[in-house]
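Structure file model-v7.txt with compact mmCIF, C-alpha atoms:
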# COMPACT_ATOMS: atom_id res chain seq x y z
CA MET A 1 0.00 0.00 0.00
CA VAL A 2 1.25 3.45 -0.94
CA GLU A 3 0.90 5.72 2.08
CA ARG A 4 0.78 9.11 0.42
CA THR A 5 -0.52 11.01 3.46
CA ILE A 6 0.04 10.19 7.13
CA ALA A 7 -1.67 11.91 10.04
CA LEU A 8 0.60 12.44 13.05
CA LEU A 9 -1.32 13.18 16.25
CA VAL A 10 0.55 14.68 19.19
CA ALA A 11 -0.47 13.65 22.72
CA ALA A 12 2.83 13.90 24.60
CA GLY A 13 2.19 16.97 26.73
CA LYS A 14 2.11 17.06 30.52
CA SER A 15 -1.45 18.51 30.73
CA GLU A 16 -0.46 20.67 33.70
CA ARG A 17 -3.19 23.29 33.18
CA MET A 18 -6.07 20.82 33.07
CA GLN A 19 -5.92 19.90 36.79
CA ALA A 20 -7.64 16.57 36.26
CA ASP A 21 -7.32 13.09 37.75
CA MET A 22 -5.70 11.74 34.58
CA PRO A 23 -3.70 13.14 31.65
CA LYS A 24 -5.79 15.33 29.34
CA PRO A 25 -5.68 13.12 26.22
CA TYR A 26 -7.39 10.33 28.16
CA LEU A 27 -10.18 12.32 29.77
CA SER A 28 -13.59 11.08 28.67
CA VAL A 29 -16.08 13.55 27.26
CA ASP A 30 -19.48 12.10 26.45
CA GLN A 31 -18.07 8.66 27.37
CA GLU A 32 -15.19 8.81 24.87
CA PRO A 33 -11.52 9.67 25.59
CA LEU A 34 -10.29 12.80 23.82
CA VAL A 35 -7.48 10.90 22.11
CA ARG A 36 -9.91 8.34 20.69
CA ARG A 37 -12.24 11.04 19.39
CA ALA A 38 -9.31 12.90 17.81
CA VAL A 39 -7.98 9.75 16.16
CA LYS A 40 -11.40 8.89 14.73
CA CYS A 41 -11.49 12.27 12.99
CA PHE A 42 -8.74 10.95 10.69
CA LEU A 43 -9.50 7.23 10.46
CA GLY A 44 -11.56 6.63 7.35
CA GLN A 45 -11.08 10.22 6.17
CA PRO A 46 -10.57 10.23 2.38
CA GLY A 47 -6.96 11.05 1.58
CA ILE A 48 -5.53 9.81 4.91
CA ASP A 49 -3.57 6.57 4.52
CA GLY A 50 -2.42 6.00 8.10
CA VAL A 51 -2.48 7.47 11.60
CA ARG A 52 0.23 7.50 14.27
CA VAL A 53 -0.02 8.99 17.77
CA VAL A 54 2.92 10.41 19.74
CA ILE A 55 2.51 9.87 23.49
CA ARG A 56 4.39 10.13 26.79
CA ARG A 57 5.97 6.86 27.86
CA GLU A 58 4.23 6.83 31.25
CA HIS A 59 0.83 7.27 29.56
CA HIS A 60 1.02 4.04 27.56
CA PRO A 61 -1.46 2.08 29.74
CA TYR A 62 -4.02 4.88 29.29
CA TYR A 63 -3.36 5.02 25.57
CA ARG A 64 -3.68 1.29 24.97
CA LYS A 65 -7.10 1.23 26.61
CA ALA A 66 -8.30 4.44 24.93
CA VAL A 67 -7.65 3.27 21.34
CA GLU A 68 -8.74 -0.33 21.77
CA GLY A 69 -10.23 -1.68 18.55
CA LEU A 70 -8.88 1.09 16.30
CA THR A 71 -6.53 0.31 13.40
CA LEU A 72 -3.47 2.53 13.85
CA PHE A 73 0.26 2.49 13.38
CA PRO A 74 1.89 1.64 16.73
CA CYS A 75 2.33 4.71 18.92
CA VAL A 76 5.72 6.37 19.33
CA ILE A 77 7.19 7.98 22.45
CA GLY A 78 7.60 11.75 22.30
CA GLY A 79 10.01 14.19 23.89
CA GLU A 80 9.93 16.95 26.50
CA THR A 81 8.72 19.64 24.09
CA ARG A 82 6.08 19.63 21.41
CA GLN A 83 8.69 20.34 18.74
CA GLU A 84 10.79 17.37 19.83
CA SER A 85 7.72 15.11 19.97
CA VAL A 86 6.74 16.01 16.40
CA ARG A 87 10.28 15.44 15.16
CA LEU A 88 10.38 12.00 16.77
CA GLY A 89 7.02 11.22 15.22
CA LEU A 90 8.25 12.28 11.79
CA GLU A 91 11.42 10.22 12.15
CA SER A 92 9.32 7.18 13.07
CA VAL A 93 7.45 7.23 9.74
CA ALA A 94 10.30 8.40 7.52
CA HIS A 95 10.94 4.84 6.31
CA ARG A 96 7.41 4.82 4.85
CA ALA A 97 8.39 7.77 2.64
CA PRO A 98 5.02 9.53 2.68
CA GLU A 99 4.52 12.49 0.37
CA ARG A 100 2.51 14.54 2.87
CA VAL A 101 1.89 14.71 6.59
CA LEU A 102 -0.82 16.29 8.71
CA VAL A 103 0.24 17.22 12.24
CA HIS A 104 -2.62 17.56 14.70
CA ASP A 105 -2.93 18.22 18.42
CA VAL A 106 -5.03 15.64 20.24
CA ALA A 107 -6.20 18.55 22.39
CA ARG A 108 -8.36 19.54 19.38
CA PRO A 109 -10.66 16.49 19.27
CA MET A 110 -13.37 17.94 17.02
CA ALA A 111 -11.63 18.49 13.69
CA SER A 112 -14.39 18.13 11.11
CA PRO A 113 -14.12 16.11 7.88
CA ALA A 114 -14.60 19.39 5.95
CA LEU A 115 -11.69 21.05 7.76
CA ILE A 116 -9.37 18.11 7.12
CA ALA A 117 -10.45 18.06 3.48
CA ARG A 118 -9.63 21.78 3.10
CA VAL A 119 -6.11 21.26 4.40
CA LEU A 120 -5.56 18.25 2.13
CA ALA A 121 -6.87 20.10 -0.92
CA ALA A 122 -4.59 23.07 -0.25
CA LEU A 123 -1.58 20.74 -0.14
CA ASP A 124 -2.10 20.10 -3.84
CA THR A 125 -0.77 23.61 -4.50
CA HIS A 126 1.20 24.51 -1.34
CA LYS A 127 3.97 22.81 0.64
CA ALA A 128 2.75 24.08 4.01
CA VAL A 129 -0.84 24.85 5.02
CA VAL A 130 -2.50 25.80 8.31
CA PRO A 131 -6.16 26.40 9.20
CA ALA A 132 -6.68 29.81 10.75
CA LEU A 133 -9.39 32.16 12.00
CA ALA A 134 -9.13 35.94 11.80
CA VAL A 135 -8.86 37.53 15.25
CA ALA A 136 -12.23 39.08 16.10
CA ASP A 137 -11.55 40.48 19.60
CA THR A 138 -9.66 43.63 20.47
CA ILE A 139 -6.10 42.76 21.50
CA LYS A 140 -4.24 44.61 24.26
CA ARG A 141 -0.74 44.23 25.60
CA VAL A 142 -0.79 44.07 29.43
CA GLU A 143 2.08 44.45 31.89
CA ASN A 144 1.65 43.99 35.66
CA GLY A 145 -2.12 44.04 35.30
CA VAL A 146 -2.18 47.36 33.43
CA VAL A 147 -2.95 47.87 29.73
CA GLY A 148 0.12 49.15 27.95
CA GLU A 149 -1.22 49.44 24.42
CA THR A 150 -3.95 48.32 22.06
CA ILE A 151 -2.65 46.21 19.20
CA SER A 152 -4.27 46.37 15.79
CA ARG A 153 -5.98 43.09 14.97
CA ASP A 154 -5.59 43.66 11.24
CA ASN A 155 -3.93 40.65 9.62
CA LEU A 156 -3.87 38.73 12.91
CA TYR A 157 -5.08 35.13 12.91
CA ASN A 158 -5.59 32.34 15.43
CA VAL A 159 -3.90 29.24 14.02
CA GLN A 160 -5.24 25.73 14.50
CA THR A 161 -4.34 22.15 13.62
CA PRO A 162 -4.27 19.91 11.61
CA GLN A 163 -1.42 21.61 9.80
CA GLY A 164 -0.40 20.04 6.49
CA PHE A 165 3.08 19.79 4.98
CA ASN A 166 5.25 18.25 2.35
CA PHE A 167 6.78 15.47 4.44
CA GLU A 168 10.42 15.81 3.37
CA GLY A 169 10.31 19.58 3.80
CA LEU A 170 8.93 19.43 7.34
CA LEU A 171 11.32 16.67 8.43
CA ALA A 172 14.31 18.59 7.05
CA ALA A 173 13.20 21.76 8.85
CA HIS A 174 12.78 19.90 12.15
CA ARG A 175 16.23 18.31 11.82
CA LYS A 176 17.73 21.73 11.14
CA LEU A 177 16.04 23.43 14.09
CA VAL A 178 16.40 20.86 16.86
CA GLY A 179 16.06 22.40 20.32
CA GLN A 180 14.27 25.62 19.29
CA SER A 181 11.08 24.82 21.30
CA LEU A 182 8.80 26.35 18.68
CA THR A 183 5.10 26.01 19.48
CA ASP A 184 3.78 24.79 16.14
CA ASP A 185 5.09 23.26 12.94
CA ALA A 186 4.22 26.27 10.81
CA ALA A 187 6.75 28.18 12.94
CA VAL A 188 9.36 25.53 12.17
CA ILE A 189 8.79 26.04 8.44
CA GLU A 190 8.82 29.82 8.82
CA ARG A 191 12.07 29.78 10.81
CA SER A 192 13.69 27.64 8.12
CA GLY A 193 12.70 30.13 5.41
CA GLY A 194 9.59 28.42 4.03
CA LYS A 195 6.20 29.91 3.17
CA VAL A 196 2.96 28.86 4.88
CA ALA A 197 -0.50 29.26 3.32
CA ILE A 198 -3.75 29.40 5.28
CA VAL A 199 -7.21 27.92 4.81
CA ASP A 200 -10.36 28.69 6.75
CA GLY A 201 -10.33 27.22 10.25
CA ASP A 202 -13.34 26.05 12.24
CA THR A 203 -14.66 27.69 15.41
CA ASP A 204 -15.66 24.27 16.79
CA ASN A 205 -12.07 23.06 16.40
CA PHE A 206 -10.99 24.75 19.63
CA LYS A 207 -8.23 23.52 21.92
CA ILE A 208 -9.09 21.73 25.17
CA THR A 209 -6.91 23.33 27.84
CA THR A 210 -9.03 23.73 30.99
CA GLN A 211 -12.15 22.24 32.54
CA MET A 212 -14.13 25.14 31.04
CA ASP A 213 -13.15 23.90 27.59
CA VAL A 214 -14.38 20.42 28.49
CA ALA A 215 -17.75 21.88 29.50
CA ARG A 216 -17.89 23.83 26.22
CA MET A 217 -17.19 20.67 24.26
CA GLN A 218 -19.93 18.77 26.06
CA THR A 219 -22.38 21.55 25.27
CA LEU A 220 -21.41 21.60 21.60
CA LEU A 221 -21.75 17.85 21.26
CA SER A 222 -25.26 17.97 22.64
CA LEU A 223 -26.29 21.01 20.56
CA ASN A 224 -24.74 19.95 17.28
CA SER A 225 -25.78 16.32 17.18
CA GLU A 226 -28.74 14.06 17.65
CA ILE A 227 -29.06 10.43 18.64
CA ARG A 228 -30.83 8.08 16.25
CA THR A 229 -31.88 4.47 16.86
CA GLY A 230 -32.43 1.80 14.21
CA MET A 231 -33.72 -1.76 14.47
CA GLY A 232 -32.83 -4.74 12.31
CA TYR A 233 -34.22 -8.27 12.04
CA ASP A 234 -33.14 -11.15 9.83
CA VAL A 235 -33.76 -14.88 9.43
CA HIS A 236 -31.86 -17.55 7.51
CA GLN A 237 -32.57 -21.23 7.04
CA LEU A 238 -30.25 -23.89 8.42
CA LYS A 239 -29.11 -26.68 6.11
CA ALA A 240 -26.96 -29.69 6.92
CA HIS A 241 -23.57 -29.70 5.25
CA ASP A 242 -23.21 -32.03 2.28
CA LYS A 243 -21.68 -35.37 3.22
CA ASP A 244 -18.77 -34.62 0.91
CA THR A 245 -17.94 -31.35 2.69
CA PRO A 246 -14.54 -31.66 4.42
CA MET A 247 -14.71 -31.50 8.20
CA THR A 248 -12.53 -28.38 8.14
CA GLN A 249 -15.27 -26.60 6.18
CA GLN A 250 -18.20 -27.77 8.25
CA ASP A 251 -18.93 -24.54 10.07
CA ILE A 252 -21.38 -21.67 10.36
CA LYS A 253 -20.63 -17.95 10.21
CA LEU A 254 -22.23 -15.74 12.85
CA CYS A 255 -21.30 -12.10 13.50
CA GLY A 256 -18.21 -12.54 11.34
CA VAL A 257 -16.90 -15.55 13.27
CA ARG A 258 -16.77 -19.09 11.88
CA ILE A 259 -17.96 -21.73 14.35
CA PRO A 260 -17.65 -25.52 13.79
CA PHE A 261 -21.19 -26.80 13.23
CA THR A 262 -23.06 -29.55 11.41
CA HIS A 263 -25.21 -27.03 9.52
CA GLY A 264 -24.68 -23.87 7.52
CA LEU A 265 -26.96 -20.92 6.78
CA VAL A 266 -28.67 -20.61 3.41
CA GLY A 267 -28.67 -17.27 1.65
CA HIS A 268 -27.63 -15.32 -1.44
CA SER A 269 -24.53 -13.95 0.28
CA ASP A 270 -22.70 -15.78 3.07
CA ALA A 271 -26.01 -15.58 5.04
CA ASP A 272 -24.43 -14.20 8.22
CA VAL A 273 -27.72 -13.50 9.96
CA GLY A 274 -26.11 -11.47 12.76
CA LEU A 275 -24.30 -9.10 10.41
CA HIS A 276 -27.41 -8.72 8.26
CA ALA A 277 -29.46 -7.61 11.26
CA MET A 278 -26.73 -5.12 12.19
CA VAL A 279 -26.69 -3.69 8.66
CA ASP A 280 -30.45 -3.10 8.70
CA ALA A 281 -30.23 -1.54 12.16
CA VAL A 282 -27.53 0.93 11.07
CA LEU A 283 -29.36 1.75 7.82
CA GLY A 284 -32.55 2.25 9.81
CA ALA A 285 -30.83 4.72 12.13
CA ILE A 286 -29.85 6.91 9.18
CA ALA A 287 -33.14 6.28 7.30
CA ASP A 288 -31.41 4.88 4.22
CA GLY A 289 -33.44 1.85 3.18
CA ASP A 290 -32.47 -1.71 4.06
CA ILE A 291 -29.90 -4.29 3.12
CA GLY A 292 -31.91 -5.37 0.07
CA THR A 293 -31.98 -1.78 -1.20
CA HIS A 294 -28.20 -1.56 -1.26
CA PHE A 295 -27.43 -5.21 -2.06
CA PRO A 296 -30.33 -6.72 -4.08
CA PRO A 297 -30.59 -10.48 -3.50
CA ASP A 298 -31.26 -11.05 -7.21
CA ASP A 299 -27.97 -9.39 -8.21
CA PRO A 300 -25.41 -12.13 -9.01
CA LYS A 301 -22.64 -9.75 -7.93
CA TRP A 302 -23.49 -10.50 -4.29
CA GLN A 303 -23.63 -14.29 -4.67
CA GLY A 304 -21.60 -15.69 -1.75
CA ALA A 305 -20.39 -12.19 -0.77
CA ASP A 306 -18.82 -11.63 2.64
CA SER A 307 -21.43 -9.81 4.74
CA GLU A 308 -18.70 -7.73 6.34
CA ARG A 309 -18.73 -5.73 3.10
CA PHE A 310 -22.37 -4.86 3.75
CA LEU A 311 -21.70 -3.73 7.31
CA LEU A 312 -18.68 -1.66 6.27
CA HIS A 313 -20.82 -0.03 3.59
CA ALA A 314 -23.40 0.98 6.21
CA TYR A 315 -20.57 2.26 8.44
CA GLU A 316 -19.20 4.40 5.60
CA LEU A 317 -22.66 5.85 4.95
CA VAL A 318 -22.77 6.98 8.59
CA ARG A 319 -19.27 8.46 8.30
CA ALA A 320 -20.21 10.27 5.07
CA ARG A 321 -22.97 12.05 6.98
CA GLY A 322 -20.45 13.18 9.60
CA GLY A 323 -21.86 10.70 12.12
CA GLU A 324 -20.64 7.80 14.19
CA ILE A 325 -21.98 4.48 15.41
CA VAL A 326 -22.24 4.81 19.17
CA HIS A 327 -23.47 1.34 20.14
CA LEU A 328 -24.58 -1.97 18.64
CA ASP A 329 -26.74 -4.51 20.47
CA VAL A 330 -27.34 -7.86 18.76
CA THR A 331 -29.36 -10.89 19.86
CA LEU A 332 -28.96 -14.25 18.11
CA ILE A 333 -32.00 -16.53 18.45
CA CYS A 334 -31.26 -20.24 18.07
CA GLU A 335 -31.07 -23.55 19.91
CA LYS A 336 -27.69 -24.41 18.40
CA PRO A 337 -24.85 -23.68 18.02
CA LYS A 338 -23.98 -22.36 21.46
CA VAL A 339 -22.97 -18.73 21.12
CA ALA A 340 -21.52 -18.06 24.59
CA PRO A 341 -18.10 -19.70 23.94
CA HIS A 342 -17.64 -17.43 20.90
CA ARG A 343 -19.16 -14.20 22.20
CA GLU A 344 -15.87 -12.49 23.08
CA GLN A 345 -14.41 -13.31 19.67
CA MET A 346 -17.51 -11.87 17.99
CA ILE A 347 -17.32 -8.68 20.05
CA ASN A 348 -13.62 -8.30 19.24
CA HIS A 349 -14.29 -8.84 15.55
CA ILE A 350 -17.10 -6.29 15.29
CA SER A 351 -15.28 -3.70 17.41
CA GLN A 352 -12.20 -3.93 15.19
CA LEU A 353 -14.22 -3.92 11.98
CA LEU A 354 -16.14 -0.75 12.92
CA LYS A 355 -13.40 0.91 15.00
CA LEU A 356 -15.57 0.79 18.12
CA SER A 357 -14.43 0.11 21.66
CA ARG A 358 -15.54 -3.27 22.99
CA SER A 359 -17.76 -1.53 25.51
CA ARG A 360 -19.90 -0.30 22.60
CA VAL A 361 -20.65 -3.74 21.15
CA SER A 362 -23.12 -6.13 22.80
CA ILE A 363 -23.79 -9.64 21.50
CA LYS A 364 -26.31 -11.88 23.23
CA ALA A 365 -28.05 -15.15 22.48
CA THR A 366 -31.31 -16.73 23.50
CA THR A 367 -33.54 -19.66 22.59
CA THR A 368 -37.30 -19.95 22.02
CA GLU A 369 -37.57 -22.92 24.39
CA LYS A 370 -37.81 -25.25 21.38
CA LEU A 371 -40.86 -23.40 20.01
CA GLY A 372 -41.19 -22.27 16.40
CA PHE A 373 -38.74 -22.66 13.50
CA THR A 374 -35.73 -21.69 15.63
CA GLY A 375 -36.79 -24.14 18.32
CA ARG A 376 -37.03 -26.92 15.74
CA GLY A 377 -33.55 -26.06 14.45
CA GLU A 378 -34.83 -25.04 11.03
CA GLY A 379 -33.19 -21.63 11.07
CA ILE A 380 -31.57 -18.84 13.05
CA ALA A 381 -32.99 -15.36 13.65
CA ALA A 382 -31.20 -12.21 14.76
CA GLN A 383 -32.36 -8.82 15.92
CA ALA A 384 -30.19 -5.76 16.35
CA VAL A 385 -30.43 -2.23 17.64
CA ALA A 386 -27.99 0.42 16.44
CA THR A 387 -27.44 3.75 18.15
CA VAL A 388 -25.97 6.42 15.88
CA ARG A 389 -24.94 10.02 16.49
CA LEU A 390 -25.52 12.37 13.56
CA PRO A 391 -25.02 16.10 13.08
CA ARG A 392 -28.27 18.03 13.37
CA GLY A 393 -29.92 19.25 10.22

Could you spell out this file's structure in structure tokens?
Amino acid sequence: MVERTIALLVAAGKSERMQADMPKPYLSVDQEPLVRRAVKCFLGQPGIDGVRVVIRREHHPYYRKAVEGLTLFPCVIGGETRQESVRLGLESVAHRAPERVLVHDVARPMASPALIARVLAALDTHKAVVPALAVADTIKRVENGVVGETISRDNLYNVQTPQGFNFEGLLAAHRKLVGQSLTDDAAVIERSGGKVAIVDGDTDNFKITTQMDVARMQTLLSLNSEIRTGMGYDVHQLKAHDKDTPMTQQDIKLCGVRIPFTHGLVGHSDADVGLHAMVDAVLGAIADGDIGTHFPPDDPKWQGADSERFLLHAYELVRARGGEIVHLDVTLICEKPKVAPHREQMINHISQLLKLSRSRVSIKATTTEKLGFTGRGEGIAAQAVATVRLPRG
């Protein structure tokens, strides 16, 4: 895989101003750690080919738990200053020879897809790009609590991240200016003689520094989003494996996990009844038809298809709307096979597939006390509930 653009997220600060019980990147806002929310802004973003996070060594246990289930490059240990941490992060991906890099502060966990896209687009014509907002407030210089002068706000901008760069140019500038303790990467380029362009920033992309910022973020999340719920239900017939089927292939696929079993499920695709119910639940939450709408059962293209493709498609539709899957709850209804021994593997599989933490995936099983078609072992049913967060409007 050609990794043209890598996102480098910086989370190696000491968080001294936050005054919290744990380091700032690992504080949970709306039940999600800041670092996880920041990382998810870039995962799946068109034009981003990989994500690496720079952390403090002593924070590794927090980090490992916070990003559970997400597909990332392994983290790298940063330095004592932000500039040193970014340089170490750049050095750690130099062997991948990316063309471009986005450098982003984890303390800005609400970078929108549109903002990231603006930075990426500008990199097609510039070697260094930063998002920025024109200063709106009156600026005064103060000494010992007394105003000394009023500074003109003309041509003054507040600069944000992610900042985008030609990779080789930024790495060379960092190597040249080791030990300068510059506060952002645009300053590193400027100090080395380079030019930096700007694109429009985003007022919601503010930096989390104090507890007041955390409260502001919580308010924005509640005001700018809504929770949707979708339900899914599916049934597939059970059929005994042909006598000529090798023992190694005598299994059944449920929630993406193959389980040794005497019967298989009958369907146009791989007939994974659990995944099909999840797909309909997610599609229902975003009011976008059902699985048959997107993958018609009479289309030969989907003959024997892996149902994970269907679920990933539904996931991408949520992402395209600027939303996220918050929780999935699935119930498998059958007498056999026993689901309990495989539940943890199913949860792991779904959480990794959809980049969800394990705590956001629930898989249960029940029987119908030998009543009905599931009780007679003629088929398996599944029902699912998906909870999705979408931007309002």

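CA of Phe73 in chain A is found 11.4 Å from CA of Arg96 in chain A.
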
Report as a ChimeraX atom specification all protein, DNA and RNA residues lying within 9 Å of range 194-207 of chain A, evaluated on only C-alpha atoms, omitting residues in the same chain fewer than 3 positions from it. /A:105-112,115,118-119,122,126-134,158-161,169,173,186-191,213,217,220

Export of the given selection (C-alpha atoms) as a PDB file, keeping the file's coordinate frame:
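New file part06.pdb:
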ATOM      1  CA  ASP A 105      -2.930  18.220  18.420  1.00  0.00           C
ATOM      2  CA  VAL A 106      -5.030  15.640  20.240  1.00  0.00           C
ATOM      3  CA  ALA A 107      -6.200  18.550  22.390  1.00  0.00           C
ATOM      4  CA  ARG A 108      -8.360  19.540  19.380  1.00  0.00           C
ATOM      5  CA  PRO A 109     -10.660  16.490  19.270  1.00  0.00           C
ATOM      6  CA  MET A 110     -13.370  17.940  17.020  1.00  0.00           C
ATOM      7  CA  ALA A 111     -11.630  18.490  13.690  1.00  0.00           C
ATOM      8  CA  SER A 112     -14.390  18.130  11.110  1.00  0.00           C
ATOM      9  CA  LEU A 115     -11.690  21.050   7.760  1.00  0.00           C
ATOM     10  CA  ARG A 118      -9.630  21.780   3.100  1.00  0.00           C
ATOM     11  CA  VAL A 119      -6.110  21.260   4.400  1.00  0.00           C
ATOM     12  CA  ALA A 122      -4.590  23.070  -0.250  1.00  0.00           C
ATOM     13  CA  HIS A 126       1.200  24.510  -1.340  1.00  0.00           C
ATOM     14  CA  LYS A 127       3.970  22.810   0.640  1.00  0.00           C
ATOM     15  CA  ALA A 128       2.750  24.080   4.010  1.00  0.00           C
ATOM     16  CA  VAL A 129      -0.840  24.850   5.020  1.00  0.00           C
ATOM     17  CA  VAL A 130      -2.500  25.800   8.310  1.00  0.00           C
ATOM     18  CA  PRO A 131      -6.160  26.400   9.200  1.00  0.00           C
ATOM     19  CA  ALA A 132      -6.680  29.810  10.750  1.00  0.00           C
ATOM     20  CA  LEU A 133      -9.390  32.160  12.000  1.00  0.00           C
ATOM     21  CA  ALA A 134      -9.130  35.940  11.800  1.00  0.00           C
ATOM     22  CA  ASN A 158      -5.590  32.340  15.430  1.00  0.00           C
ATOM     23  CA  VAL A 159      -3.900  29.240  14.020  1.00  0.00           C
ATOM     24  CA  GLN A 160      -5.240  25.730  14.500  1.00  0.00           C
ATOM     25  CA  THR A 161      -4.340  22.150  13.620  1.00  0.00           C
ATOM     26  CA  GLY A 169      10.310  19.580   3.800  1.00  0.00           C
ATOM     27  CA  ALA A 173      13.200  21.760   8.850  1.00  0.00           C
ATOM     28  CA  ALA A 186       4.220  26.270  10.810  1.00  0.00           C
ATOM     29  CA  ALA A 187       6.750  28.180  12.940  1.00  0.00           C
ATOM     30  CA  VAL A 188       9.360  25.530  12.170  1.00  0.00           C
ATOM     31  CA  ILE A 189       8.790  26.040   8.440  1.00  0.00           C
ATOM     32  CA  GLU A 190       8.820  29.820   8.820  1.00  0.00           C
ATOM     33  CA  ARG A 191      12.070  29.780  10.810  1.00  0.00           C
ATOM     34  CA  ASP A 213     -13.150  23.900  27.590  1.00  0.00           C
ATOM     35  CA  MET A 217     -17.190  20.670  24.260  1.00  0.00           C
ATOM     36  CA  LEU A 220     -21.410  21.600  21.600  1.00  0.00           C
TER      37      LEU A 220
END

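The residue that comes closest to Leu283 in chain A, out of A:Ala384, A:Ser351, A:Val235, A:Gly264 and on the basis of all atoms listed in the file, is A:Ala384.
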
Which distance in Å separates CA of Thr262 in chain A and CA of His241 in chain A, to one decimal? 6.2 Å

For CA of Asp272 in chain A and CA of Gly289 in chain A, quote the distance in Å rounded to one decimal.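 So the answer is 19.1 Å.
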
Skipping near chain neighbours, those fewer than 3 positions away, what residues fall within 12 Å of Glu16 in chain A using all atoms listed in the file, listed as JSON, numbers by chain? {"A": [12, 13, 19, 20, 21, 22, 23, 24, 25, 209, 210, 211]}

If we count all atoms listed in the file, what is near Val101 in chain A at a cut-off of 9 Å, once residues fewer than 4 positions away on the same chain are taken out, given as a PyMOL selection string? chain A and resi 4-8+90+163-167+170

Exercise: residues within 12 Å of coordinate (5.2, 3.9, 19.3), counting only C-alpha atoms, as a compact mmCIF listing (two decimals) with C-alpha atoms, in the coordinates of the input:
# COMPACT_ATOMS: atom_id res chain seq x y z
CA LEU A 8 0.60 12.44 13.05
CA LEU A 9 -1.32 13.18 16.25
CA VAL A 10 0.55 14.68 19.19
CA ALA A 11 -0.47 13.65 22.72
CA ALA A 12 2.83 13.90 24.60
CA VAL A 51 -2.48 7.47 11.60
CA ARG A 52 0.23 7.50 14.27
CA VAL A 53 -0.02 8.99 17.77
CA VAL A 54 2.92 10.41 19.74
CA ILE A 55 2.51 9.87 23.49
CA ARG A 56 4.39 10.13 26.79
CA ARG A 57 5.97 6.86 27.86
CA HIS A 59 0.83 7.27 29.56
CA HIS A 60 1.02 4.04 27.56
CA TYR A 63 -3.36 5.02 25.57
CA ARG A 64 -3.68 1.29 24.97
CA LEU A 72 -3.47 2.53 13.85
CA PHE A 73 0.26 2.49 13.38
CA PRO A 74 1.89 1.64 16.73
CA CYS A 75 2.33 4.71 18.92
CA VAL A 76 5.72 6.37 19.33
CA ILE A 77 7.19 7.98 22.45
CA GLY A 78 7.60 11.75 22.30
CA SER A 85 7.72 15.11 19.97
CA LEU A 88 10.38 12.00 16.77
CA GLY A 89 7.02 11.22 15.22
CA LEU A 90 8.25 12.28 11.79
CA GLU A 91 11.42 10.22 12.15
CA SER A 92 9.32 7.18 13.07
CA VAL A 93 7.45 7.23 9.74

Sel. within 10 Å of pt (-26.6, 11.7, 18.1), counting all atoms listed in the file, output as a list in words: Leu221, Ser222, Leu223, Asn224, Ser225, Glu226, Ile227, Arg228, Thr229, Gly323, Glu324, Ile325, Val326, Thr387, Val388, Arg389, Leu390, Pro391 and Arg392 of chain A

Fewer than 4 positions away in the same chain doesn't count, so skip those; otherwise give me all residues within 10 Å of Thr374 in chain A, counting only C-alpha atoms, as a list in words. Val235, His236, Gln237, Leu238, Ile333, Cys334, Glu335, Lys336, Thr367, Thr368, Glu369, Lys370, Glu378, Gly379, Ile380 and Ala381 of chain A

Looking at only C-alpha atoms, which of A:Ala240, A:Leu354, A:Ala382, A:Leu265 is the one that sits closest to Ala281 in chain A? A:Ala382

Could N, CA and C atoms be built for range 330-339 of chain A and written out as a JSON list (two decimals), in the coordinates of the input?
[["chain", "number", "residue", "atom", "x", "y", "z"],
["A", 330, "VAL", "N", -26.88, -6.79, 19.64],
["A", 330, "VAL", "CA", -27.34, -7.86, 18.76],
["A", 330, "VAL", "C", -27.77, -9.07, 19.59],
["A", 331, "THR", "N", -28.90, -9.66, 19.22],
["A", 331, "THR", "CA", -29.36, -10.89, 19.86],
["A", 331, "THR", "C", -29.52, -11.97, 18.80],
["A", 332, "LEU", "N", -28.83, -13.09, 18.99],
["A", 332, "LEU", "CA", -28.96, -14.25, 18.11],
["A", 332, "LEU", "C", -29.98, -15.21, 18.73],
["A", 333, "ILE", "N", -30.91, -15.68, 17.94],
["A", 333, "ILE", "CA", -32.00, -16.53, 18.45],
["A", 333, "ILE", "C", -31.88, -17.91, 17.80],
["A", 334, "CYS", "N", -31.46, -18.88, 18.59],
["A", 334, "CYS", "CA", -31.26, -20.24, 18.07],
["A", 334, "CYS", "C", -31.10, -21.22, 19.22],
["A", 335, "GLU", "N", -31.34, -22.49, 18.94],
["A", 335, "GLU", "CA", -31.07, -23.55, 19.91],
["A", 335, "GLU", "C", -29.60, -23.96, 19.86],
["A", 336, "LYS", "N", -29.09, -24.06, 18.65],
["A", 336, "LYS", "CA", -27.69, -24.41, 18.40],
["A", 336, "LYS", "C", -27.23, -23.62, 17.19],
["A", 337, "PRO", "N", -25.92, -23.34, 17.10],
["A", 337, "PRO", "CA", -24.85, -23.68, 18.02],
["A", 337, "PRO", "C", -24.85, -22.78, 19.26],
["A", 338, "LYS", "N", -24.11, -23.17, 20.27],
["A", 338, "LYS", "CA", -23.98, -22.36, 21.46],
["A", 338, "LYS", "C", -23.12, -21.12, 21.13],
["A", 339, "VAL", "N", -23.64, -19.98, 21.46],
["A", 339, "VAL", "CA", -22.97, -18.73, 21.12],
["A", 339, "VAL", "C", -21.99, -18.28, 22.21]]
